[in-house]
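start.txt (compact mmCIF, C-alpha atoms)
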```txt
# COMPACT_ATOMS: atom_id res chain seq x y z
CA MET A 1 50.31 -32.97 -23.58
CA ALA A 2 48.97 -29.42 -23.42
CA ARG A 3 50.15 -27.26 -20.52
CA GLU A 4 47.28 -26.30 -18.21
CA THR A 5 46.47 -22.63 -17.88
CA GLU A 6 46.83 -20.63 -14.67
CA SER A 7 43.04 -20.55 -14.21
CA GLU A 8 42.83 -24.35 -14.61
CA ALA A 9 45.61 -24.86 -12.05
CA LEU A 10 43.91 -22.47 -9.64
CA LYS A 11 40.60 -24.30 -10.09
CA LYS A 12 42.28 -27.60 -9.17
CA LEU A 13 43.95 -26.01 -6.15
CA LYS A 14 40.64 -24.56 -4.89
CA SER A 15 38.96 -27.94 -5.35
CA LEU A 16 41.71 -29.66 -3.35
CA CYS A 17 41.53 -27.10 -0.53
CA LYS A 18 37.75 -27.53 -0.38
CA ARG A 19 37.97 -31.34 -0.17
CA ARG A 20 40.63 -31.15 2.55
CA GLY A 21 38.67 -28.69 4.69
CA ILE A 22 41.10 -25.78 4.28
CA ILE A 23 38.80 -23.25 2.59
CA PHE A 24 35.12 -23.26 1.60
CA PRO A 25 33.35 -20.91 -0.83
CA GLY A 26 31.44 -18.35 1.27
CA SER A 27 27.69 -19.11 1.63
CA GLU A 28 27.98 -21.60 -1.23
CA ILE A 29 24.52 -23.18 -0.70
CA TYR A 30 23.01 -19.74 -1.41
CA GLN A 31 25.22 -19.13 -4.49
CA GLY A 32 27.47 -16.83 -2.42
CA PHE A 33 29.96 -14.38 -3.93
CA ALA A 34 32.96 -15.37 -6.04
CA ASN A 35 35.34 -13.26 -3.94
CA GLN A 36 34.37 -14.59 -0.49
CA TRP A 37 35.82 -17.63 1.26
CA ASP A 38 35.52 -19.25 4.69
CA TRP A 39 38.32 -20.99 6.57
CA GLY A 40 37.45 -24.67 7.01
CA PRO A 41 38.41 -26.79 10.07
CA LEU A 42 42.00 -27.33 8.91
CA GLY A 43 42.29 -23.85 7.45
CA VAL A 44 41.31 -22.12 10.68
CA GLU A 45 43.88 -24.16 12.64
CA MET A 46 46.57 -23.28 10.09
CA CYS A 47 45.61 -19.61 10.26
CA ARG A 48 45.65 -19.65 14.09
CA ASN A 49 49.10 -21.28 14.13
CA VAL A 50 50.50 -18.70 11.72
CA ARG A 51 49.06 -15.85 13.82
CA GLU A 52 50.54 -17.25 17.03
CA ILE A 53 53.99 -17.80 15.47
CA TRP A 54 53.93 -14.30 13.96
CA TRP A 55 52.77 -12.69 17.22
CA LYS A 56 55.48 -14.44 19.24
CA ARG A 57 58.19 -13.50 16.77
CA PHE A 58 57.26 -9.84 16.33
CA VAL A 59 55.58 -8.90 19.65
CA THR A 60 56.14 -11.28 22.58
CA ASP A 61 59.84 -11.85 21.89
CA ARG A 62 60.64 -8.15 21.45
CA GLU A 63 60.85 -5.36 24.01
CA ASP A 64 60.16 -2.60 21.48
CA MET A 65 56.79 -3.98 20.28
CA VAL A 66 53.32 -4.01 21.84
CA GLY A 67 49.94 -5.23 20.57
CA LEU A 68 46.62 -3.59 19.83
CA ASP A 69 43.13 -4.61 18.67
CA SER A 70 41.23 -1.54 17.45
CA SER A 71 37.57 -1.22 16.55
CA ILE A 72 36.22 -2.24 13.14
CA VAL A 73 33.87 0.80 13.01
CA VAL A 74 35.30 4.15 14.09
CA ASN A 75 34.32 7.81 13.78
CA PRO A 76 34.22 8.64 10.03
CA LYS A 77 36.41 11.69 10.73
CA VAL A 78 39.30 9.20 10.97
CA TRP A 79 38.86 8.25 7.31
CA GLU A 80 38.31 11.87 6.29
CA ALA A 81 41.59 12.89 7.95
CA SER A 82 43.50 9.99 6.36
CA GLY A 83 42.20 10.84 2.88
CA HIS A 84 40.30 7.55 2.45
CA VAL A 85 36.86 9.17 2.01
CA GLU A 86 38.18 11.36 -0.82
CA ASN A 87 40.74 9.12 -2.49
CA PHE A 88 40.11 5.46 -1.63
CA ASN A 89 38.34 4.54 -4.86
CA ASP A 90 38.78 2.78 -8.20
CA PRO A 91 37.79 3.94 -11.71
CA LEU A 92 34.64 2.03 -12.68
CA VAL A 93 33.61 1.54 -16.31
CA ASP A 94 30.39 -0.09 -17.55
CA CYS A 95 29.96 -2.08 -20.73
CA LYS A 96 27.17 -0.46 -22.77
CA GLU A 97 26.11 -3.84 -24.16
CA CYS A 98 26.23 -6.50 -21.41
CA ARG A 99 26.30 -4.03 -18.46
CA GLU A 100 29.30 -5.81 -16.92
CA ARG A 101 31.54 -3.62 -14.76
CA PHE A 102 35.34 -3.39 -14.77
CA ARG A 103 38.26 -1.38 -13.40
CA GLY A 104 39.24 1.04 -16.14
CA ASP A 105 42.89 1.24 -15.07
CA ASN A 106 43.24 -2.55 -15.21
CA LEU A 107 41.74 -2.71 -18.71
CA LEU A 108 44.23 -0.08 -19.89
CA ALA A 109 47.13 -1.97 -18.30
CA ASP A 110 46.05 -5.18 -20.05
CA LYS A 111 45.75 -3.40 -23.39
CA LEU A 112 48.72 -1.01 -23.31
CA GLY A 113 50.99 -2.30 -20.56
CA GLY A 114 52.30 -0.03 -17.83
CA GLU A 115 50.58 1.29 -14.71
CA PHE A 116 47.42 3.45 -14.71
CA GLU A 117 46.34 3.26 -11.07
CA GLY A 118 45.67 6.71 -9.66
CA HIS A 119 45.19 8.40 -13.03
CA PRO A 120 42.35 10.97 -13.21
CA LEU A 121 38.95 9.65 -14.34
CA ASP A 122 38.76 11.90 -17.40
CA GLU A 123 42.21 10.73 -18.52
CA ILE A 124 41.21 7.06 -18.18
CA THR A 125 38.02 7.73 -20.17
CA GLN A 126 40.05 9.46 -22.90
CA LEU A 127 42.66 6.69 -23.13
CA ILE A 128 39.96 4.00 -23.35
CA ALA A 129 38.38 5.84 -26.27
CA GLU A 130 41.68 6.62 -28.04
CA HIS A 131 42.92 3.03 -27.91
CA ASP A 132 39.54 1.42 -28.51
CA VAL A 133 39.60 -0.60 -25.27
CA ARG A 134 36.50 -2.76 -25.27
CA CYS A 135 34.59 -5.04 -22.90
CA PRO A 136 36.63 -8.22 -22.32
CA LYS A 137 33.43 -10.22 -21.92
CA CYS A 138 31.36 -9.31 -25.00
CA GLY A 139 33.50 -6.82 -26.96
CA GLY A 140 31.04 -3.99 -26.41
CA ALA A 141 31.87 -0.31 -26.04
CA LEU A 142 32.71 1.04 -22.59
CA GLY A 143 31.22 4.08 -20.88
CA GLU A 144 32.92 6.89 -18.99
CA ALA A 145 35.04 6.10 -15.95
CA LYS A 146 33.28 6.82 -12.65
CA LYS A 147 34.42 6.90 -9.04
CA PHE A 148 33.77 3.62 -7.19
CA ASP A 149 34.10 3.80 -3.39
CA LEU A 150 36.10 0.87 -2.00
CA MET A 151 34.90 1.31 1.59
CA PHE A 152 31.83 -0.45 2.95
CA LYS A 153 29.39 2.18 4.18
CA THR A 154 27.11 1.59 7.15
CA HIS A 155 25.13 3.63 9.71
CA VAL A 156 25.65 3.95 13.45
CA GLY A 157 22.62 4.60 15.63
CA SER A 158 18.88 4.29 15.26
CA VAL A 159 18.45 6.74 12.36
CA GLU A 160 19.93 6.17 8.90
CA ASP A 161 20.85 9.65 7.68
CA ASN A 162 23.99 11.49 6.58
CA ALA A 163 24.92 12.27 10.18
CA SER A 164 25.02 8.55 11.08
CA VAL A 165 27.22 7.39 8.16
CA ALA A 166 30.25 5.33 9.13
CA TYR A 167 32.56 2.87 7.39
CA LEU A 168 33.96 -0.59 8.06
CA ARG A 169 37.70 -0.15 8.31
CA PRO A 170 39.49 -0.73 4.96
CA GLU A 171 42.80 -1.30 6.78
CA THR A 172 44.03 -1.88 10.35
CA ALA A 173 46.80 0.74 10.40
CA GLN A 174 44.60 3.74 11.27
CA GLY A 175 43.77 2.26 14.69
CA ILE A 176 47.49 2.17 15.40
CA PHE A 177 47.87 5.83 14.38
CA TYR A 178 45.04 7.33 16.43
CA ASN A 179 45.93 5.20 19.49
CA PHE A 180 49.66 5.93 19.26
CA ALA A 181 49.86 8.49 22.08
CA LEU A 182 47.64 6.38 24.37
CA VAL A 183 49.80 3.30 23.78
CA GLN A 184 53.00 5.24 24.39
CA GLN A 185 51.73 6.75 27.64
CA SER A 186 50.06 3.65 29.08
CA MET A 187 52.94 1.26 28.29
CA ARG A 188 55.69 3.84 28.92
CA MET A 189 57.25 3.12 25.55
CA ARG A 190 60.24 5.09 24.29
CA VAL A 191 60.53 6.06 20.63
CA PRO A 192 61.30 4.21 18.42
CA PHE A 193 58.82 1.41 19.15
CA GLY A 194 56.28 -0.57 17.18
CA ILE A 195 52.60 -1.45 17.48
CA ALA A 196 51.28 -4.71 16.02
CA GLN A 197 47.71 -5.61 15.12
CA ILE A 198 46.10 -8.64 13.51
CA GLY A 199 42.52 -8.44 12.30
CA LYS A 200 40.07 -8.13 9.45
CA ALA A 201 39.79 -5.23 7.04
CA PHE A 202 36.89 -4.69 4.64
CA ARG A 203 37.04 -3.53 1.03
CA ASN A 204 34.35 -3.42 -1.61
CA GLU A 205 35.16 -4.59 -5.14
CA ILE A 206 33.87 -3.68 -8.58
CA THR A 207 33.75 -7.33 -9.69
CA THR A 208 32.08 -9.48 -7.00
```

Kindly transcribe the structure held in the file into structure tokens.
Amino acid sequence: MARETESEALKKLKSLCKRRGIIFPGSEIYQGFANQWDWGPLGVEMCRNVREIWWKRFVTDREDMVGLDSSIVVNPKVWEASGHVENFNDPLVDCKECRERFRGDNLLADKLGGEFEGHPLDEITQLIAEHDVRCPKCGGALGEAKKFDLMFKTHVGSVEDNASVAYLRPETAQGIFYNFALVQQSMRMRVPFGIAQIGKAFRNEITT
């Protein structure tokens, strides 16, 4: 009997979770996106239980921890100061034949082994050409690596211009950082202490 592949096993697991009401494909009746999922009735209860157990263990039961729930959209200067606007991106490469898009560093890792995350775009482009890395879908040639922003951009206010640009938070930690002094003062916390937060973060992806 042939051993099932990882993708086949994952497909069976997703099917089981869907039948049991744990997860549902996001907006499935409208074809949705492959990378989006909704918690089903059992899934949302499981998730709530895990959150409550985690919160009790790391916040309620400790004297050196407090909680926080920061905003999803904040002043874009937060992400400029943290380096996200400049550096939070992936190297995007297009197939010249089928127009499919991929992460250039991942293609290099698959072909050569090792780690290429964070390498300069021109270096990734050069390595792809030198080692003849081709489109994994159709075998076509790949174009130059380009910067792909991982943050979801939006606008705040009634006018959509450069001055109103904002971002959905790509992580929850920044809210903890910019609220640190306020938390310390209001709760009279003494260093060292911790701040906990549970919530959603939003990241765009090259392959949807």

Near range 41-60 of chain A, 9 Å: range 65-148 of chain A residue rows, closest pairs, all atoms listed in the file, as JSON lines:
```
{"residue": "A:Met65", "atom": "CA", "partner": "A:Val59", "partner_atom": "CA", "distance": 5.1}
{"residue": "A:Val66", "atom": "CA", "partner": "A:Val59", "partner_atom": "CA", "distance": 5.8}
{"residue": "A:Gly67", "atom": "CA", "partner": "A:Val59", "partner_atom": "CA", "distance": 6.8}
```

Check your understanding: Counting only C-alpha atoms, which of A:Ala196, A:Leu92, A:Val191, A:Leu168 gets nearest to Lys147 in chain A?
Key ->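 Closest to Lys147 in chain A, using only C-alpha atoms: A:Leu92.
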
Exercise for review: Work out how far apart CA of Arg19 in chain A and CA of Trp39 in chain A are and give it in Å to one decimal.
Suggested key: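 Interatomic distance here is 12.4 Å.
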
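Note that the spacing between CA of Gly104 in chain A and CA of Cys138 in chain A amounts to 15.7 Å.
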
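Taking CA of Ala145 in chain A and CA of Phe88 in chain A as endpoints, the distance between them is 15.2 Å.
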
Just want the 12 Å neighbourhood of Asn89 in chain A, counted on only C-alpha atoms, with same-chain residues fewer than 5 positions away dropped. Output as a PDB file with C-alpha atoms, in the frame of the given file.
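What follows is the written file selection_5.pdb:
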```
ATOM      1  CA  GLY A  83      42.200  10.840   2.880  1.00  0.00           C
ATOM      2  CA  HIS A  84      40.300   7.550   2.450  1.00  0.00           C
ATOM      3  CA  ARG A 103      38.260  -1.380 -13.400  1.00  0.00           C
ATOM      4  CA  GLY A 104      39.240   1.040 -16.140  1.00  0.00           C
ATOM      5  CA  ASP A 105      42.890   1.240 -15.070  1.00  0.00           C
ATOM      6  CA  GLU A 117      46.340   3.260 -11.070  1.00  0.00           C
ATOM      7  CA  GLY A 118      45.670   6.710  -9.660  1.00  0.00           C
ATOM      8  CA  HIS A 119      45.190   8.400 -13.030  1.00  0.00           C
ATOM      9  CA  PRO A 120      42.350  10.970 -13.210  1.00  0.00           C
ATOM     10  CA  LEU A 121      38.950   9.650 -14.340  1.00  0.00           C
ATOM     11  CA  ALA A 145      35.040   6.100 -15.950  1.00  0.00           C
ATOM     12  CA  LYS A 146      33.280   6.820 -12.650  1.00  0.00           C
ATOM     13  CA  LYS A 147      34.420   6.900  -9.040  1.00  0.00           C
ATOM     14  CA  PHE A 148      33.770   3.620  -7.190  1.00  0.00           C
ATOM     15  CA  ASP A 149      34.100   3.800  -3.390  1.00  0.00           C
ATOM     16  CA  LEU A 150      36.100   0.870  -2.000  1.00  0.00           C
ATOM     17  CA  MET A 151      34.900   1.310   1.590  1.00  0.00           C
ATOM     18  CA  PHE A 152      31.830  -0.450   2.950  1.00  0.00           C
ATOM     19  CA  PRO A 170      39.490  -0.730   4.960  1.00  0.00           C
ATOM     20  CA  ARG A 203      37.040  -3.530   1.030  1.00  0.00           C
ATOM     21  CA  ASN A 204      34.350  -3.420  -1.610  1.00  0.00           C
ATOM     22  CA  GLU A 205      35.160  -4.590  -5.140  1.00  0.00           C
ATOM     23  CA  ILE A 206      33.870  -3.680  -8.580  1.00  0.00           C
TER      24      ILE A 206
END
```

Practice item. May I ask which of the residues A:Trp37, A:Tyr167, A:Phe193, A:Phe202 is the closest one to Val78 in chain A, counting only C-alpha atoms? Key: A:Tyr167

Exercise for review: Go through A:Arg169, A:Ser15, A:Cys98, A:Ser158 one by one, measure the shortest atom-to-atom distance of each to Gly139 in chain A using all atoms listed in the file, and give the residue with the smallest value.
Suggested key: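 Of all the options, A:Cys98 lies closest to Gly139 in chain A.
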
Check your understanding: Can you list, as a VMD selection string, every protein, DNA or RNA residue that comes within 9 Å of Gln36 in chain A when you count all atoms listed in the file, leaving out same-chain residues fewer than 5 positions away?
Key -> chain A and resid 24 to 27 208

Point to revise | Exercise: Ser70 in chain A partners within 10 Å, all atoms listed in the file, chain neighbours under 5 positions left out, as a ChimeraX atom specification | key: /A:169,172-176,178-179,197-199

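Proximity ranking of A:Val73, A:Gly40, A:Ala34, A:Glu4 relative to Val156 in chain A places A:Val73 first, based on all atoms listed in the file.
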
**Study point:** Test item: residues at most 9 Å from Ala141 in chain A, all atoms listed in the file, excluding those fewer than 4 positions along its chain, as a PyMOL selection string
**Key:** chain A and resi 94-97+129+132-135

Those same residues - C-alpha atoms - I'd like them written as a tab-separated table (two decimals), in the frame of the given file.
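Done, and the output landed in part03.tsv:
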```tsv
chain	number	residue	atom	x	y	z
A	94	ASP	CA	30.39	-0.09	-17.55
A	95	CYS	CA	29.96	-2.08	-20.73
A	96	LYS	CA	27.17	-0.46	-22.77
A	97	GLU	CA	26.11	-3.84	-24.16
A	129	ALA	CA	38.38	5.84	-26.27
A	132	ASP	CA	39.54	1.42	-28.51
A	133	VAL	CA	39.60	-0.60	-25.27
A	134	ARG	CA	36.50	-2.76	-25.27
A	135	CYS	CA	34.59	-5.04	-22.90
```

**Study point:** Residues near Ser164 in chain A, cut-off 10 Å, only C-alpha atoms, skip fewer than 2 positions along chain, as a list in words
**Key:**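 Those residues are Asn75, Pro76, Thr154, His155, Val156, Gly157, Ser158, Val159, Glu160, Asp161, Asn162 and Ala166 of chain A.
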